[in-house]
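*Asks:* Take a look at this one; I'll ask things after.
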Amino acid sequence: MERSSYAVREVGAVCIELAAGLMLLAPHYGPHRDELYFVAAGKHLAWGYPDQPAFTPLLARLADLVAPSSVTVLRIPAVLAVVGVVLLSVQAARLLGAARAGQVLTAVTVGFSTIVPGLGHLLSTATFDLLFWTAILVIVAESLVDDRPRLWLLAGAVAGVGLNNKHAVAFCLFGVLVGVALVRETRPVLRTAWPWLGGLLALAMWVPNLVWQARHDWPVFALSADIAEEYGGLGGRIVMVLEAFVIFSPLIGVVWVLGLVQLLRRPGWARIRPLAIAFLAVLLAFLVTGGKGYYLAGAIPPLIAAGCTHLAARWSTRRVVATGAVLVASAAVAYPAVLPILPASTFGGSFYAEANDVQLETIGWEEYTDQVRAVVDSLAPEQRRTAVVFTGNYGEAGAMRWYDVGLPVYSGHNGYREWGPPAASAAPVIVVGWHDPTSAFDGCSRAATLRNDADAPGEEAGLPVWLCTSVRGSWAEAWPELSHYDA
């Protein structure tokens, strides 16, 4: 099919505006609990961790080396990732034959949706999962449309990096295989070596992480089971589908469903049809195994590109512009739920916090650390020499390290399990985030209560801080009971 030149100027303007907005918002509120965890994990570099492979902690480590404790620098890779998603989405539209109007509508719709800026605001595995899924699908589409079989090797390399960010990329590869196999026009590709070589390359790049998981008794399965239990059942499956539909915005959901239908029915798009089937295959897989709606986010940008291309080819420029404005407005309504636009005190008491609690996990960490530090400062000098802080989860532990509470910090949560226990002589213990520590610690008295200046109802707000004389028994004996895997 005829292909228009890339709308460099217009798409570039969209990307610059998106990146500039995210950089301006980056320092607001504070780091997310997962970002705090990734920085801590980056200081214990390994091929894997219980809850994710090494890619995002590695980026966190690099950012922290460049500018220690700078949340703005920490989030630059996430900003670049979502800009990449916009550029790849426009390339998908070009492969479908989009002219300039279709390309710009795609860029605006993807770039100013709800989830893309939301993920661009945080350094998270989900941010890069979105990028890697979109990249794999667009590279595969280009290989199929242009008959460039060697691009399967590039897709395999991208998948290999993606698998070292999040294991869910394996579902993307499964979807691609099913999609290519079920479309008559693309099925012959599987009789060549290139797709399989790409798959082998991805597997080879994934092996170090798989070895790490095997040596640690596959904690990923324990965490997956925890997620499946929390989001399982018929209700969880329905919520997953609804979430997938609305995460870009409800109106943009209509656009990508339109794109899905057009990819399945239009004869001229047959060689890109595997992307639509891949989405359906992955959706079915997550319905069976259990998951969250945003797991599907990376499979949706090419569908948005298809919907935008279809609309732009049939409508006048004025109507396309109006459509873009309406789609952006439909997403912008939810921006306060995913971006720090409101004052923290206003956000904490709003329905936006109830709709999406992710931003609540960026509020209050500095105040919490100050309150724990006050307990540390109350210790006698001889106590401080051997005292430690022990927290209930990795967010609390990460905050105590990020803002420097003044003592060694430990936790048994996920990756922190590998970074303990403390020295046998570690005592007294400041216990953070436990409602009742007396099952594991002796001589406990309540020393403080966590609160944040915004009065935001986060997970830590109102939790006690305890000063305990010692761990019950020894740290080595207690550590298995103090350790836990959960999402």
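Every chain in the structure tokens takes a letter, A first, then B, and so on in the order presented; its residues are numbered from 1, and the ligands are numbered from 1 following the presented order.
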Find the spatial neighbours of range 292-309 of chain A, counting only C-alpha atoms, within a cut-off of 7 Å - ignore same-chain residues fewer than 2 positions away - and output them as a ChimeraX atom specification.
*Replies:* /A:89-90,92-93,96,98,102,105-106,110,129-131,133-134,240-241,243-244,255-256,258-260,279,311-313
*Asks:* Return as a tab-separated table the residues of range 431-476 of chain A lying at most 12 Å from range 19-32 of chain A, together with the closest atom-to-atom pair for each and the distance in Å to one decimal, counting only C-alpha atoms, with rows in chain order and ascending residue number.
*Replies:*
```
residue	atom	partner	partner_atom	distance
A:Asn452	CA	A:Tyr29	CA	11.5
A:Asp453	CA	A:Tyr29	CA	11.3
A:Ala454	CA	A:Tyr29	CA	9.9
A:Ala456	CA	A:Tyr29	CA	11.2
A:Gly458	CA	A:His32	CA	11.5
```
*Asks:* Find the residue from A:Asp486, A:Glu366, A:Glu481, A:Glu142 that sits nearest to Leu154 in chain A; use only C-alpha atoms when measuring.
*Replies:*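 Nearest to Leu154 in chain A: A:Glu142.
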*Asks:* Which of range 6-212 of chain A end up as helix (DSSP H, G or I) when DSSP is run on this backbone - answer as an MDAnalysis selection string?
*Replies:* chainID A and resid 8:25 33:42 55:66 71:74 76:95 100:111 115:120 125:146 151:163 169:182 187:191 194:212
*Asks:* Hey, could you make a per-residue contact list for range 48-130 of chain A against range 3-18 of chain A with 10 Å as the cut-off, showing the nearest pair of atoms and its distance in Å to one decimal, counting only C-alpha atoms, sorted by chain and number, as a tab-separated table?
*Replies:*
```
residue	atom	partner	partner_atom	distance
A:Val79	CA	A:Leu18	CA	8.3
A:Leu80	CA	A:Cys15	CA	9.4
A:Val82	CA	A:Leu18	CA	8.7
A:Val83	CA	A:Cys15	CA	5.7
A:Gly84	CA	A:Cys15	CA	8.8
A:Val85	CA	A:Cys15	CA	9.9
A:Val86	CA	A:Cys15	CA	7.2
A:Leu87	CA	A:Val11	CA	7.6
A:Val90	CA	A:Val11	CA	8.0
A:Gln91	CA	A:Tyr6	CA	7.7
A:Ala93	CA	A:Arg3	CA	9.6
A:Arg94	CA	A:Arg3	CA	6.1
A:Leu95	CA	A:Arg3	CA	6.8
A:Leu96	CA	A:Arg3	CA	7.9
A:Gly97	CA	A:Arg3	CA	5.2
A:Ala98	CA	A:Ser4	CA	6.8
A:Ala99	CA	A:Ser4	CA	5.4
A:Arg100	CA	A:Ala7	CA	5.7
A:Ala101	CA	A:Ala7	CA	8.7
A:Gly102	CA	A:Ala7	CA	9.6
A:Gln103	CA	A:Ala7	CA	6.7
A:Val104	CA	A:Val11	CA	6.0
A:Leu105	CA	A:Val11	CA	9.3
A:Thr106	CA	A:Val11	CA	9.1
A:Ala107	CA	A:Val11	CA	6.2
A:Val108	CA	A:Val14	CA	6.5
A:Gly111	CA	A:Leu18	CA	6.7
A:Phe112	CA	A:Leu18	CA	7.4
A:Val116	CA	A:Leu18	CA	9.6
A:Pro117	CA	A:Leu18	CA	7.5
A:Gly120	CA	A:Leu18	CA	9.1
```
*Asks:* With only C-alpha atoms as the counted atoms, please give the residues lying no more than 8 Å from range 443-449 of chain A, apart from itself and same-chain residues fewer than 4 positions off, as a VMD selection string.
*Replies:* chain A and resid 371 to 372 375 437 to 438 462 to 470
*Asks:* Compare A:Leu151, A:Leu144, A:Ala81, A:Ala157 by their minimum atom-to-atom distance to Val189 in chain A, counting only C-alpha atoms, and give me the closest one.
*Replies:*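 Closest residue, counting only C-alpha atoms: A:Leu144.
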*Asks:* Which residues come within 10 Å of Val169 in chain A, counting only C-alpha atoms, excluding same-chain residues fewer than 3 positions away, as a VMD selection string?
*Replies:* chain A and resid 129 to 130 132 to 133 136 158 to 166 172 to 175 295 298
*Asks:* Can you list, as an NGL selection string, every protein, DNA or RNA residue that comes within 10 Å of Pro208 in chain A when you count only C-alpha atoms, leaving out same-chain residues fewer than 3 positions away?
*Replies:* :A and (46-48 or 53 or 164 or 203-205 or 211-214)
*Asks:* How would the residues just picked look written out with all heavy atoms as a short mmCIF file (atom, residue, chain, number, x, y, z; two decimals), in the first residue's frame?
*Replies:*
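Dumped everything to result.cif:
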```
data_model
loop_
_atom_site.label_atom_id
_atom_site.label_comp_id
_atom_site.auth_asym_id
_atom_site.auth_seq_id
_atom_site.Cartn_x
_atom_site.Cartn_y
_atom_site.Cartn_z
N ALA A 46 21.50 -7.41 40.40
CA ALA A 46 21.46 -8.86 40.19
C ALA A 46 20.72 -9.10 38.88
O ALA A 46 20.11 -8.19 38.30
CB ALA A 46 20.75 -9.55 41.36
N TRP A 47 20.74 -10.34 38.41
CA TRP A 47 20.03 -10.67 37.17
C TRP A 47 18.52 -10.71 37.38
O TRP A 47 17.76 -10.76 36.42
CB TRP A 47 20.50 -12.01 36.63
CG TRP A 47 21.79 -11.90 35.87
CD1 TRP A 47 23.02 -12.36 36.24
CD2 TRP A 47 21.97 -11.29 34.59
NE1 TRP A 47 23.96 -12.05 35.29
CE2 TRP A 47 23.34 -11.40 34.25
CE3 TRP A 47 21.11 -10.64 33.69
CZ2 TRP A 47 23.86 -10.90 33.07
CZ3 TRP A 47 21.63 -10.14 32.51
CH2 TRP A 47 22.99 -10.27 32.21
N GLY A 48 18.11 -10.70 38.64
CA GLY A 48 16.68 -10.72 38.90
C GLY A 48 16.38 -10.40 40.34
O GLY A 48 17.27 -10.33 41.20
N PRO A 53 12.59 -8.62 36.76
CA PRO A 53 13.99 -8.74 36.34
C PRO A 53 14.76 -7.45 36.59
O PRO A 53 14.32 -6.58 37.33
CB PRO A 53 13.88 -9.09 34.85
CG PRO A 53 12.48 -9.59 34.67
CD PRO A 53 11.65 -8.81 35.65
N ASN A 164 13.73 -8.93 30.25
CA ASN A 164 14.55 -8.58 31.40
C ASN A 164 14.01 -7.35 32.13
O ASN A 164 14.66 -6.85 33.06
CB ASN A 164 16.00 -8.35 30.96
CG ASN A 164 16.73 -9.66 30.78
OD1 ASN A 164 17.08 -10.32 31.75
ND2 ASN A 164 16.95 -10.05 29.53
N LEU A 203 15.06 -15.62 23.90
CA LEU A 203 15.22 -16.61 24.97
C LEU A 203 16.63 -16.58 25.54
O LEU A 203 16.83 -16.64 26.76
CB LEU A 203 14.89 -18.00 24.44
CG LEU A 203 15.05 -19.16 25.43
CD1 LEU A 203 14.13 -18.96 26.63
CD2 LEU A 203 14.76 -20.50 24.74
N ALA A 204 17.63 -16.48 24.65
CA ALA A 204 19.02 -16.45 25.11
C ALA A 204 19.26 -15.24 26.01
O ALA A 204 19.99 -15.33 27.02
CB ALA A 204 19.96 -16.42 23.91
N MET A 205 18.67 -14.10 25.67
CA MET A 205 18.85 -12.91 26.49
C MET A 205 18.11 -13.02 27.82
O MET A 205 18.48 -12.34 28.80
CB MET A 205 18.37 -11.68 25.71
CG MET A 205 19.20 -11.37 24.47
SD MET A 205 18.51 -10.05 23.44
CE MET A 205 18.71 -8.63 24.52
N VAL A 211 17.69 -18.27 35.16
CA VAL A 211 18.60 -18.98 36.06
C VAL A 211 18.49 -18.40 37.47
O VAL A 211 18.45 -19.14 38.47
CB VAL A 211 20.06 -18.89 35.54
CG1 VAL A 211 21.04 -19.42 36.58
CG2 VAL A 211 20.19 -19.68 34.24
N TRP A 212 18.43 -17.07 37.56
CA TRP A 212 18.28 -16.44 38.88
C TRP A 212 16.99 -16.92 39.54
O TRP A 212 16.97 -17.25 40.73
CB TRP A 212 18.27 -14.92 38.74
CG TRP A 212 18.27 -14.21 40.07
CD1 TRP A 212 19.36 -13.72 40.73
CD2 TRP A 212 17.14 -13.93 40.90
NE1 TRP A 212 18.96 -13.16 41.92
CE2 TRP A 212 17.61 -13.27 42.06
CE3 TRP A 212 15.77 -14.18 40.78
CZ2 TRP A 212 16.76 -12.85 43.08
CZ3 TRP A 212 14.92 -13.77 41.81
CH2 TRP A 212 15.41 -13.12 42.94
N GLN A 213 15.90 -16.92 38.78
CA GLN A 213 14.63 -17.37 39.34
C GLN A 213 14.72 -18.82 39.82
O GLN A 213 14.24 -19.16 40.91
CB GLN A 213 13.52 -17.23 38.29
CG GLN A 213 13.02 -15.82 38.07
CD GLN A 213 12.11 -15.34 39.19
OE1 GLN A 213 11.49 -16.13 39.89
NE2 GLN A 213 12.04 -14.02 39.37
N ALA A 214 15.34 -19.67 39.01
CA ALA A 214 15.45 -21.09 39.38
C ALA A 214 16.27 -21.25 40.66
O ALA A 214 15.93 -22.07 41.53
CB ALA A 214 16.09 -21.87 38.24
#
```
*Asks:* Provide the CA of Leu223 in chain A to CA of Ala126 in chain A distance in Å, to one decimal place.
*Replies:*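 Rounded to one decimal, the two atoms are 15.9 Å apart.
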*Asks:* Quick one: everything within 10 Å of range 336-342 of chain A, counting only C-alpha atoms, minus sequence neighbours fewer than 3 positions away in the same chain. Send it as a ChimeraX atom specification.
*Replies:* /A:22,25-30,114-122,332-333,345-348,350-360,362
*Asks:* One number please: CA of Ala344 in chain A to CA of Pro457 in chain A, in Å, one decimal.
*Replies:*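 Between CA of Ala344 in chain A and CA of Pro457 in chain A the gap works out to 10.9 Å.
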*Asks:* As a PyMOL selection string, please: every residue in range 333-444 of chain A that a backbone DSSP assignment puts in strand (DSSP E or B).
*Replies:* chain A and resi 388-391+409-411+413+429-432+441-442
*Asks:* Please, what distance in Å, to one decimal, runs between CA of Asp51 in chain A and CA of Met400 in chain A?
*Replies:*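 We find that CA of Asp51 in chain A and CA of Met400 in chain A lie 20.5 Å from each other.
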